[in-house]
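Raw target_16.txt, compact mmCIF, C-alpha atoms:
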# COMPACT_ATOMS: atom_id res chain seq x y z
CA MET A 1 90.35 240.85 209.58
CA GLU A 2 92.54 239.82 206.67
CA THR A 3 89.96 238.09 204.45
CA LYS A 4 88.15 240.05 201.75
CA PHE A 5 84.88 239.63 203.61
CA GLY A 6 86.50 240.80 206.85
CA LYS A 7 87.85 243.93 205.19
CA PHE A 8 84.40 244.63 203.72
CA LEU A 9 82.92 244.57 207.23
CA THR A 10 85.09 247.56 208.19
CA THR A 11 83.94 249.78 205.29
CA ALA A 12 81.33 252.54 205.26
CA ALA A 13 79.48 250.60 202.55
CA PHE A 14 78.82 247.74 204.98
CA ALA A 15 77.60 250.16 207.66
CA LYS A 16 75.09 251.64 205.20
CA LEU A 17 74.01 248.20 204.01
CA PHE A 18 73.54 247.04 207.61
CA LEU A 19 71.37 250.10 208.36
CA LEU A 20 69.30 249.40 205.24
CA LEU A 21 68.79 245.77 206.25
CA LEU A 22 67.72 246.77 209.77
CA THR A 23 65.19 249.23 208.35
CA ALA A 24 63.87 246.57 205.96
CA ALA A 25 63.59 244.10 208.85
CA ALA A 26 61.61 246.61 210.91
CA VAL A 27 59.22 247.34 208.02
CA TYR A 28 58.79 243.63 207.35
CA MET A 29 58.12 242.94 211.02
CA GLY A 30 55.53 245.71 211.12
CA LEU A 31 53.69 244.34 208.12
CA ARG A 32 53.63 240.77 209.37
CA LEU A 33 52.59 241.63 212.92
CA GLY A 34 49.95 243.97 211.53
CA ASN A 35 48.66 241.18 209.31
CA ALA A 36 48.52 238.77 212.24
CA VAL A 37 46.51 241.18 214.40
CA GLU A 38 44.07 241.93 211.58
CA TRP A 39 43.56 238.27 210.64
CA LEU A 40 43.05 237.13 214.23
CA PHE A 41 41.18 240.04 215.79
CA GLY A 42 39.76 241.94 212.82
CA ARG A 43 41.54 245.14 213.87
CA GLN A 44 44.06 247.18 211.89
CA TRP A 45 46.95 248.06 214.15
CA TYR A 46 49.44 248.80 211.40
CA LEU A 47 49.90 252.46 212.32
CA PRO A 48 50.56 251.91 216.07
CA ILE A 49 52.96 249.05 215.27
CA PHE A 50 54.84 251.10 212.68
CA LEU A 51 55.03 254.12 214.99
CA LEU A 52 56.42 251.92 217.78
CA LEU A 53 59.00 250.37 215.47
CA LEU A 54 59.95 253.79 214.08
CA ALA A 55 60.42 255.12 217.60
CA LEU A 56 62.62 252.13 218.47
CA LEU A 57 64.66 252.60 215.29
CA LEU A 58 65.23 256.27 216.11
CA LEU A 59 66.14 255.30 219.66
CA LEU A 60 68.59 252.74 218.30
CA ALA A 61 70.22 255.32 216.00
CA TYR A 62 70.49 257.81 218.87
CA ALA A 63 71.72 255.31 221.45
CA GLN A 64 74.54 254.06 219.23
CA ARG A 65 76.03 257.56 219.30
CA ALA A 66 75.23 258.48 222.89
CA GLY A 67 77.45 257.90 225.90
CA TYR A 68 76.62 256.53 229.35
CA GLY A 69 76.23 259.91 231.01
CA ASN A 70 73.12 259.26 233.07
CA ARG A 71 70.58 256.62 234.00
CA MET A 72 68.17 257.65 231.22
CA LEU A 73 70.84 257.24 228.54
CA ARG A 74 71.82 253.85 229.91
CA CYS A 75 68.18 252.77 229.87
CA CYS A 76 67.80 253.94 226.26
CA LYS A 77 70.91 252.03 225.21
CA ARG A 78 69.71 248.85 226.90
CA ILE A 79 66.29 249.03 225.22
CA SER A 80 67.87 249.71 221.83
CA ALA A 81 70.32 246.82 222.26
CA TYR A 82 67.53 244.32 222.89
CA PHE A 83 65.51 245.76 220.00
CA LEU A 84 68.51 245.28 217.70
CA CYS A 85 68.76 241.67 218.84
CA PHE A 86 65.06 241.22 218.08
CA LEU A 87 65.50 242.64 214.57
CA LEU A 88 68.41 240.32 213.87
CA TYR A 89 66.33 237.28 214.85
CA ASP A 90 63.34 238.55 212.88
CA VAL A 91 64.32 235.86 210.38
CA LEU A 92 61.94 233.54 212.25
CA LEU A 93 59.04 235.50 210.76
CA LEU A 94 60.54 235.02 207.32
CA LEU A 95 60.66 231.27 207.91
CA VAL A 96 56.93 231.35 208.76
CA ASP A 97 56.20 233.10 205.46
CA LEU A 98 58.25 230.59 203.50
CA ALA A 99 56.44 227.69 205.20
CA SER A 100 53.09 229.36 204.51
CA LEU A 101 53.86 229.66 200.80
CA LEU A 102 55.11 226.11 200.51
CA LEU A 103 52.25 224.57 202.49
CA SER A 104 49.46 227.00 201.41
CA LEU A 105 48.42 227.59 205.04
CA TYR A 106 45.19 229.37 205.95
CA ARG A 107 45.45 232.98 207.12
CA ILE A 108 44.37 232.21 210.69
CA LEU A 109 47.06 229.54 211.04
CA ARG A 110 49.63 231.85 209.46
CA ALA A 111 48.67 234.60 211.91
CA ARG A 112 49.09 232.28 214.87
CA LEU A 113 52.46 231.13 213.55
CA ILE A 114 53.60 234.75 213.11
CA LEU A 115 52.75 235.59 216.71
CA ALA A 116 54.31 232.33 217.86
CA ALA A 117 57.50 233.20 215.95
CA ALA A 118 57.60 236.62 217.63
CA GLY A 119 57.13 234.94 221.01
CA LEU A 120 59.84 232.40 220.23
CA THR A 121 62.20 235.24 219.30
CA ILE A 122 61.57 236.90 222.67
CA ALA A 123 62.15 233.58 224.47
CA LEU A 124 65.38 233.03 222.50
CA LEU A 125 66.67 236.48 223.42
CA PHE A 126 65.76 235.90 227.06
CA TYR A 127 67.78 232.68 227.02
CA GLY A 128 70.69 234.41 225.26
CA SER A 129 70.69 237.21 227.83
CA ILE A 130 70.76 234.78 230.76
CA HIS A 131 73.37 232.57 229.12
CA ALA A 132 75.67 235.53 228.42
CA GLY A 133 76.06 236.08 232.17
CA ARG A 134 77.24 232.52 232.82
CA LEU A 135 80.99 231.97 232.99
CA GLU A 136 82.55 228.78 231.67
CA THR A 137 86.14 227.64 232.22
CA VAL A 138 88.01 226.34 229.17
CA VAL A 139 91.26 224.43 229.77
CA TYR A 140 94.11 224.10 227.25
CA SER A 141 97.24 222.00 227.79
CA LEU A 142 100.29 223.20 225.85
CA SER A 143 103.66 221.51 225.43
CA MET A 144 106.36 224.00 224.41
CA GLY A 145 109.49 222.02 225.29
CA ASN A 146 110.91 219.44 227.66
CA ARG A 147 112.85 221.37 230.29
CA GLY A 148 110.53 220.21 233.05
CA GLU A 149 108.93 223.62 233.73
CA ARG A 150 105.18 223.98 234.25
CA ALA A 151 102.88 226.98 234.69
CA ARG A 152 99.18 227.77 235.19
CA LEU A 153 98.08 230.89 233.35
CA VAL A 154 94.62 232.43 233.17
CA LEU A 155 93.62 234.39 230.08
CA LEU A 156 90.78 236.91 230.34
CA SER A 157 89.64 238.94 227.38
CA ASP A 158 87.01 241.42 226.25
CA LEU A 159 85.49 242.28 229.61
CA HIS A 160 83.77 245.33 228.07
CA ILE A 161 83.09 246.94 231.43
CA GLY A 162 80.27 249.41 230.89
CA LEU A 163 76.61 249.11 230.09
CA PHE A 164 76.13 245.39 230.74
CA ILE A 165 79.26 244.36 232.64
CA GLY A 166 79.50 245.84 236.14
CA GLU A 167 80.43 245.16 239.74
CA VAL A 168 78.32 242.03 240.29
CA TYR A 169 79.62 240.29 237.17
CA LEU A 170 83.23 241.26 237.89
CA SER A 171 82.97 239.97 241.46
CA ARG A 172 81.85 236.57 240.16
CA LEU A 173 84.61 236.62 237.55
CA THR A 174 87.30 237.44 240.11
CA ALA A 175 86.13 234.70 242.48
CA ALA A 176 86.07 232.16 239.64
CA VAL A 177 89.61 233.06 238.56
CA ASN A 178 90.97 232.81 242.11
CA ARG A 179 89.47 229.33 242.51
CA LEU A 180 91.73 228.19 239.65
CA SER A 181 94.87 229.25 241.60
CA PRO A 182 96.74 230.69 238.58
CA GLU A 183 100.35 231.81 238.78
CA LEU A 184 99.77 234.56 236.21
CA VAL A 185 96.65 236.37 234.97
CA VAL A 186 96.63 238.23 231.63
CA ILE A 187 93.88 240.34 230.04
CA SER A 188 94.08 240.61 226.27
CA GLY A 189 92.32 243.91 225.70
CA ASP A 190 88.90 245.56 225.61
CA VAL A 191 88.77 245.97 229.37
CA PHE A 192 86.24 248.78 228.86
CA ASP A 193 83.37 249.19 226.41
CA GLY A 194 84.32 252.36 224.61
CA CYS A 195 84.74 254.74 227.54
CA LEU A 196 85.42 254.87 231.25
CA PRO A 197 82.50 255.23 233.68
CA SER A 198 81.94 258.92 234.35
CA ASP A 199 81.43 258.16 238.06
CA ASP A 200 84.85 258.09 239.75
CA ASN A 201 83.44 256.23 242.76
CA LEU A 202 82.20 253.46 240.46
CA LEU A 203 85.60 253.32 238.77
CA HIS A 204 87.29 252.98 242.18
CA ARG A 205 84.93 250.15 243.15
CA ILE A 206 85.63 248.29 239.91
CA ALA A 207 89.38 248.71 240.43
CA ALA A 208 89.01 247.37 243.99
CA ILE A 209 87.24 244.25 242.67
CA LEU A 210 89.90 243.51 240.05
CA ARG A 211 92.63 244.16 242.61
CA GLN A 212 91.42 241.01 244.35
CA LEU A 213 92.71 238.83 241.50
CA GLU A 214 95.29 236.51 243.07
CA ALA A 215 98.35 235.56 241.01
CA PRO A 216 101.87 235.30 242.47
CA GLU A 217 103.47 236.45 239.21
CA GLY A 218 101.06 239.34 238.76
CA VAL A 219 98.19 240.53 236.57
CA TYR A 220 99.04 242.05 233.18
CA ALA A 221 96.89 243.61 230.43
CA VAL A 222 97.00 245.19 226.99
CA LEU A 223 94.50 247.56 225.42
CA GLY A 224 91.97 246.69 222.74
CA ASN A 225 90.11 248.68 220.10
CA HIS A 226 87.23 249.49 222.51
CA ASP A 227 89.47 250.78 225.29
CA PRO A 228 90.11 254.50 225.89
CA ALA A 229 93.43 255.88 224.66
CA ILE A 230 96.50 255.11 226.72
CA THR A 231 97.02 258.86 227.14
CA ASP A 232 93.87 259.06 229.30
CA PRO A 233 95.15 259.74 232.84
CA ARG A 234 92.02 258.21 234.41
CA LEU A 235 92.72 254.97 232.53
CA ARG A 236 96.29 254.80 233.80
CA ARG A 237 95.19 255.54 237.36
CA PHE A 238 92.58 252.79 237.11
CA PHE A 239 95.15 250.15 236.15
CA GLU A 240 97.48 251.30 238.91
CA GLU A 241 94.67 251.17 241.47
CA ALA A 242 93.61 247.73 240.23
CA ASN A 243 97.23 246.52 240.54
CA ILE A 244 97.22 245.53 236.87
CA LYS A 245 100.42 246.14 234.91
CA LEU A 246 99.55 247.66 231.55
CA LEU A 247 101.94 246.54 228.80
CA TYR A 248 101.99 248.86 225.80
CA ASN A 249 104.68 247.98 223.29
CA GLU A 250 106.88 246.65 226.06
CA ALA A 251 108.23 243.48 227.62
CA ALA A 252 108.08 242.25 231.20
CA ALA A 253 110.88 239.90 232.27
CA LEU A 254 109.32 237.35 234.61
CA PRO A 255 111.34 234.65 236.39
CA ARG A 256 110.40 231.82 234.02
CA TYR A 257 109.28 233.56 230.82
CA THR A 258 109.11 236.90 229.05
CA LEU A 259 105.72 238.53 228.57
CA ILE A 260 105.39 241.04 225.71
CA GLY A 261 102.32 243.28 225.44
CA ARG A 262 101.47 245.02 222.19
CA ALA A 263 99.46 248.03 221.11
CA GLY A 264 96.37 247.00 219.14
CA ILE A 265 96.19 246.47 215.39
CA VAL A 266 92.81 248.19 215.08
CA ASP A 267 93.01 252.00 215.54
CA MET A 268 96.59 251.81 216.89
CA ALA A 269 98.51 250.22 214.01
CA ASP A 270 100.52 253.40 213.39
CA ILE A 271 102.05 253.24 216.90
CA ARG A 272 102.51 249.49 217.02
CA THR A 273 106.17 248.69 217.63
CA PRO A 274 107.47 245.87 215.38
CA LEU A 275 107.50 242.68 217.40
CA GLN A 276 111.05 241.86 216.33
CA ASP A 277 112.25 245.04 218.06
CA LEU A 278 110.45 244.06 221.26
CA MET A 279 111.78 240.51 221.17
CA GLU A 280 115.37 241.69 220.90
CA THR A 281 115.09 242.76 224.54
CA ALA A 282 113.81 239.32 225.64
CA ASP A 283 115.82 236.47 227.11
CA ARG A 284 115.45 233.83 224.42
CA GLU A 285 116.48 231.11 226.85
CA LYS A 286 113.02 231.51 228.38
CA PRO A 287 109.65 231.07 226.61
CA THR A 288 108.27 234.25 225.05
CA ILE A 289 104.55 234.89 225.54
CA ILE A 290 102.89 237.58 223.41
CA LEU A 291 99.79 239.32 224.71
CA ASP A 292 97.91 240.80 221.74
CA HIS A 293 94.28 241.82 221.38
CA ASP A 294 93.68 240.93 217.72
CA PRO A 295 94.44 237.38 216.48
CA GLN A 296 95.76 238.84 213.23
CA GLY A 297 98.94 239.57 215.17
CA ILE A 298 99.61 235.82 215.38
CA ARG A 299 101.22 235.86 211.93
CA GLU A 300 103.91 238.31 212.98
CA ALA A 301 104.48 236.45 216.27
CA ALA A 302 104.97 233.17 214.41
CA ALA A 303 107.39 234.83 211.98
CA CYS A 304 109.42 236.12 214.95
CA GLY A 305 109.54 232.73 216.65
CA ALA A 306 107.39 233.50 219.71
CA ASP A 307 106.40 230.51 221.81
CA LEU A 308 102.82 231.49 222.68
CA VAL A 309 100.34 234.19 221.61
CA LEU A 310 97.25 235.01 223.71
CA CYS A 311 94.40 236.92 222.04
CA GLY A 312 90.71 237.77 222.15
CA HIS A 313 88.73 240.29 220.05
CA THR A 314 86.56 237.91 217.99
CA HIS A 315 84.11 236.95 220.81
CA LYS A 316 83.76 233.75 218.75
CA GLY A 317 81.00 235.71 217.01
CA GLN A 318 79.07 235.98 220.32
CA PHE A 319 75.81 234.60 218.88
CA PHE A 320 74.48 232.54 215.99
CA PRO A 321 74.75 233.21 213.05
CA MET A 322 77.37 235.92 213.72
CA ASN A 323 79.76 233.17 214.82
CA LEU A 324 79.72 231.81 211.25
CA LEU A 325 80.26 235.27 209.72
CA THR A 326 83.05 236.08 212.19
CA LYS A 327 84.82 232.84 211.35
CA TRP A 328 84.52 233.70 207.66
CA ALA A 329 85.79 237.25 208.26
CA ASN A 330 88.85 236.26 210.33
CA GLY A 331 89.69 232.91 208.81
CA PRO A 332 89.44 229.58 210.68
CA ALA A 333 93.00 229.80 212.08
CA TYR A 334 92.39 233.25 213.62
CA PHE A 335 88.87 232.82 214.95
CA TYR A 336 88.81 230.84 218.21
CA GLY A 337 90.57 228.25 220.31
CA GLN A 338 93.98 226.64 220.38
CA GLY A 339 96.22 226.70 217.31
CA LEU A 340 99.75 225.91 216.18
CA HIS A 341 101.56 228.07 213.62
CA GLY A 342 104.91 226.45 212.93
CA ARG A 343 106.37 226.23 216.44
CA THR A 344 104.22 229.08 217.79
CA HIS A 345 101.19 228.15 219.88
CA SER A 346 98.14 230.42 220.03
CA VAL A 347 95.03 230.66 222.17
CA ILE A 348 92.12 232.87 221.11
CA SER A 349 89.45 233.48 223.76
CA ALA A 350 85.74 233.91 223.09
CA GLY A 351 85.81 236.69 225.69
CA SER A 352 85.07 236.86 229.38
CA GLY A 353 82.31 239.42 228.84
CA PHE A 354 80.08 240.64 226.02
CA PHE A 355 79.22 243.95 224.40
CA GLN A 356 76.58 245.99 222.53
CA LEU A 357 74.26 243.02 221.96
CA PRO A 358 73.75 241.52 225.43
CA ILE A 359 73.25 237.93 224.35
CA ARG A 360 75.26 234.78 223.77
CA ILE A 361 73.73 232.00 221.70
CA GLY A 362 76.01 229.17 220.60
CA THR A 363 79.01 230.65 222.45
CA ASN A 364 80.06 231.07 226.09
CA SER A 365 81.54 233.84 228.20
CA GLU A 366 84.71 232.14 229.29
CA ILE A 367 87.76 232.08 231.54
CA VAL A 368 90.69 230.36 229.83
CA LEU A 369 93.05 228.25 231.96
CA ILE A 370 96.31 227.36 230.21
CA GLU A 371 98.44 224.57 231.65
CA ALA A 372 101.77 225.03 229.91
CA ALA A 373 104.84 222.82 230.00
CA TRP A 374 108.27 223.48 228.51

Give the structure from the file, written as structure tokens.
Amino acid sequence: METKFGKFLTTAAFAKLFLLLLTAAAVYMGLRLGNAVEWLFGRQWYLPIFLLLLALLLLLAYAQRAGYGNRMLRCCKRISAYFLCFLLYDVLLLLVDLASLLLSLYRILRARLILAAAGLTIALLFYGSIHAGRLETVVYSLSMGNRGERARLVLLSDLHIGLFIGEVYLSRLTAAVNRLSPELVVISGDVFDGCLPSDDNLLHRIAAILRQLEAPEGVYAVLGNHDPAITDPRLRRFFEEANIKLLYNEAAALPRYTLIGRAGIVDMADIRTPLQDLMETADREKPTIILDHDPQGIREAAACGADLVLCGHTHKGQFFPMNLLTKWANGPAYFYGQGLHGRTHSVISAGSGFFQLPIRIGTNSEIVLIEAAW
């Protein structure tokens, strides 16, 4: 994130501010729901509501630091994730208050609107949760020359295998990719959501599902900022078992083009080989495709004269209004979709999965099909 706002989002100050805002939202929600219950039913339920919200806040704080070690922890993390989504959409209650002030509404009507807003929030999150699990196919046509060569590439990104993305979802994803008959499949990072599953049998089953991806020229991947370290032997074994070639600061010479995979910018910038050094090993008579997790790497790729850069990372913001903030943080040219930077083409995916907040509102989980000609 190269913008000033984007850099602010990575600071400890933002993390503290975000925690403060969540706490304020929970207190505000407690007051308004307590008011609604009192006005409608004549009962004061402030204390039970506040205790419930406090318990959920503590659960949220704990779950953000906990792993996926057992079923109870996974359940806690799921509950806390949905509660966080609810807090973020608590703005609907604020809109009710603003309308009440402007229109001088009676207390009974205000109470009904408050409860209706809470119900609408739950319905919105239910929709977002269902929509997140639906896969869309986005098609881009790129012209990178006139030699008469054509290729069908599939770009996957940000699977975030873990709490919300598992075997059922990956089976649907694999089947959808194979129906597109790609010649090459690439995964631009964040295959896992922070850590590998502790259950080796589960890890083997996931590898077996991804091994079913059909592409004559192979399946390649790079790591993202949520993936385990490349030094993790279980991670390397997983990619080998899944028949996915992991590119880490290296180039793969394919018959019709050169594919270069990079270490990530976030958390791995100190071991990120300069792209110019990697491109010196490439056959410049063939198109050079860069596989990079973070779109901020597009600048360097364009400066080095790469033909195509494939990225993910932004999730297109995943849900409204985070999509607007993410666009602001990354800059419009490094946010989502197809772009042209000099002679260098770029495609930034919204992600084939989702993470932490299990909803998509205003964005899609997507498979990207690239029909390239040169």

With only C-alpha atoms as the counted atoms, please give the residues lying no more than 6 Å from region 137-153 of chain A, apart from itself and same-chain residues fewer than 5 positions off, as a PDB file with C-alpha atoms, keeping the file's coordinate frame.
ATOM      1  CA  PRO A 182      96.740 230.690 238.580  1.00  0.00           C
ATOM      2  CA  GLU A 183     100.350 231.810 238.780  1.00  0.00           C
ATOM      3  CA  LEU A 184      99.770 234.560 236.210  1.00  0.00           C
ATOM      4  CA  VAL A 185      96.650 236.370 234.970  1.00  0.00           C
ATOM      5  CA  GLU A 366      84.710 232.140 229.290  1.00  0.00           C
ATOM      6  CA  ILE A 367      87.760 232.080 231.540  1.00  0.00           C
ATOM      7  CA  VAL A 368      90.690 230.360 229.830  1.00  0.00           C
ATOM      8  CA  LEU A 369      93.050 228.250 231.960  1.00  0.00           C
ATOM      9  CA  ILE A 370      96.310 227.360 230.210  1.00  0.00           C
ATOM     10  CA  GLU A 371      98.440 224.570 231.650  1.00  0.00           C
ATOM     11  CA  ALA A 372     101.770 225.030 229.910  1.00  0.00           C
ATOM     12  CA  ALA A 373     104.840 222.820 230.000  1.00  0.00           C
ATOM     13  CA  TRP A 374     108.270 223.480 228.510  1.00  0.00           C
TER      14      TRP A 374
END

Report, as lines of an AutoDock Vina configuration file, the axis-aligned box around all atoms of region 90-105 of chain A present in the file, extended by 3 Å on each side; give centre and edge lengths in Å to one decimal place.
center_x = 56.4
center_y = 231.6
center_z = 206.7
size_x = 21.9
size_y = 20.0
size_z = 18.4

Can you tell me how far CA of His160 (chain A) sits from CA of Ala242 (chain A), in Å to one decimal?
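A separation of 15.8 Å between them.
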
Could you list, as a short mmCIF file (atom, residue, chain, number, x, y, z; two decimals) with C-alpha atoms, keeping the file's coordinate frame, every residue within 12 Å of region 92-109 of chain A, counting only C-alpha atoms and ignoring same-chain residues fewer than 3 positions away?
data_model
loop_
_atom_site.label_atom_id
_atom_site.label_comp_id
_atom_site.auth_asym_id
_atom_site.auth_seq_id
_atom_site.Cartn_x
_atom_site.Cartn_y
_atom_site.Cartn_z
CA ALA A 25 63.59 244.10 208.85
CA ALA A 26 61.61 246.61 210.91
CA TYR A 28 58.79 243.63 207.35
CA MET A 29 58.12 242.94 211.02
CA GLY A 30 55.53 245.71 211.12
CA LEU A 31 53.69 244.34 208.12
CA ARG A 32 53.63 240.77 209.37
CA LEU A 33 52.59 241.63 212.92
CA ASN A 35 48.66 241.18 209.31
CA ALA A 36 48.52 238.77 212.24
CA VAL A 37 46.51 241.18 214.40
CA GLU A 38 44.07 241.93 211.58
CA TRP A 39 43.56 238.27 210.64
CA LEU A 40 43.05 237.13 214.23
CA PHE A 41 41.18 240.04 215.79
CA GLY A 42 39.76 241.94 212.82
CA PHE A 86 65.06 241.22 218.08
CA LEU A 87 65.50 242.64 214.57
CA LEU A 88 68.41 240.32 213.87
CA TYR A 89 66.33 237.28 214.85
CA ARG A 112 49.09 232.28 214.87
CA LEU A 113 52.46 231.13 213.55
CA ILE A 114 53.60 234.75 213.11
CA LEU A 115 52.75 235.59 216.71
CA ALA A 116 54.31 232.33 217.86
CA ALA A 117 57.50 233.20 215.95
CA ALA A 118 57.60 236.62 217.63
CA GLY A 119 57.13 234.94 221.01
CA LEU A 120 59.84 232.40 220.23
CA THR A 121 62.20 235.24 219.30
CA ILE A 122 61.57 236.90 222.67
CA LEU A 124 65.38 233.03 222.50
#

In terms of all atoms listed in the file, the residue from A:Asp292, A:Glu280, A:Glu300, A:Glu217 at minimal distance from Gly312 (chain A) is A:Asp292

Which residues come within 9 Å of Asp283 (chain A), counting only C-alpha atoms, excluding same-chain residues fewer than 3 positions away, as a list in words?
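My reading of the contact set: Ala253, Tyr257, Thr258, Met279, Glu280, Lys286, Pro287 and Thr288 of chain A.
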
Using all atoms listed in the file, determine which residues lie at most 9 Å from Pro295 (chain A), disregarding the query and same-chain residues fewer than 3 positions distant; provide the list as a ChimeraX atom specification.
/A:1,292,298-299,309-314,330,333-336,346-348

Just to confirm, what's the straight-line distance from CA of Ile206 (chain A) to CA of Ile361 (chain A) in Å (one decimal)?
27.2 Å

I'd like the contact shell of Gly351 (chain A) - 6 Å cut-off, all atoms listed in the file, skipping same-chain residues fewer than 6 positions apart - returned as an NGL selection string.
:A and (157-158 or 315 or 365-366)

Suppose we keep C-alpha atoms; can you now write the selection as a PDB file, keeping the file's coordinate frame?
ATOM      1  CA  SER A 157      89.640 238.940 227.380  1.00  0.00           C
ATOM      2  CA  ASP A 158      87.010 241.420 226.250  1.00  0.00           C
ATOM      3  CA  HIS A 315      84.110 236.950 220.810  1.00  0.00           C
ATOM      4  CA  SER A 365      81.540 233.840 228.200  1.00  0.00           C
ATOM      5  CA  GLU A 366      84.710 232.140 229.290  1.00  0.00           C
TER       6      GLU A 366
END

Residue nearest Leu235 (chain A) among A:Cys195, A:Ile49, A:Leu125, A:Leu259 (counting all atoms listed in the file)
A:Cys195

By how many Å are CA of Arg78 (chain A) and CA of Leu56 (chain A) apart?
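Atom-to-atom, CA of Arg78 (chain A) to CA of Leu56 (chain A), that is 11.5 Å.
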
Which of A:Ile265, A:Thr231, A:Val186, A:Cys304 sits closest to Leu278 (chain A) [using all atoms listed in the file]
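Closest to Leu278 (chain A) of all the choices is A:Cys304.
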
Closest to Arg172 (chain A) among A:Leu155, A:Gly194, A:Leu213, A:Met322, using all atoms listed in the file?
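With all atoms listed in the file as the atom set, the closest residue is A:Leu213.
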
So, counting all atoms listed in the file, which residue among A:Arg256, A:Ala350, A:Tyr82, A:Glu167 is closest to Thr326 (chain A)?
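Residue with the minimum atom-to-atom distance to Thr326 (chain A): A:Ala350.
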
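Each of A:Leu21, A:Val191, A:Leu163, A:Ala207 was checked against Val91 (chain A) using only C-alpha atoms; the smallest atom-to-atom distance is that of A:Leu21.
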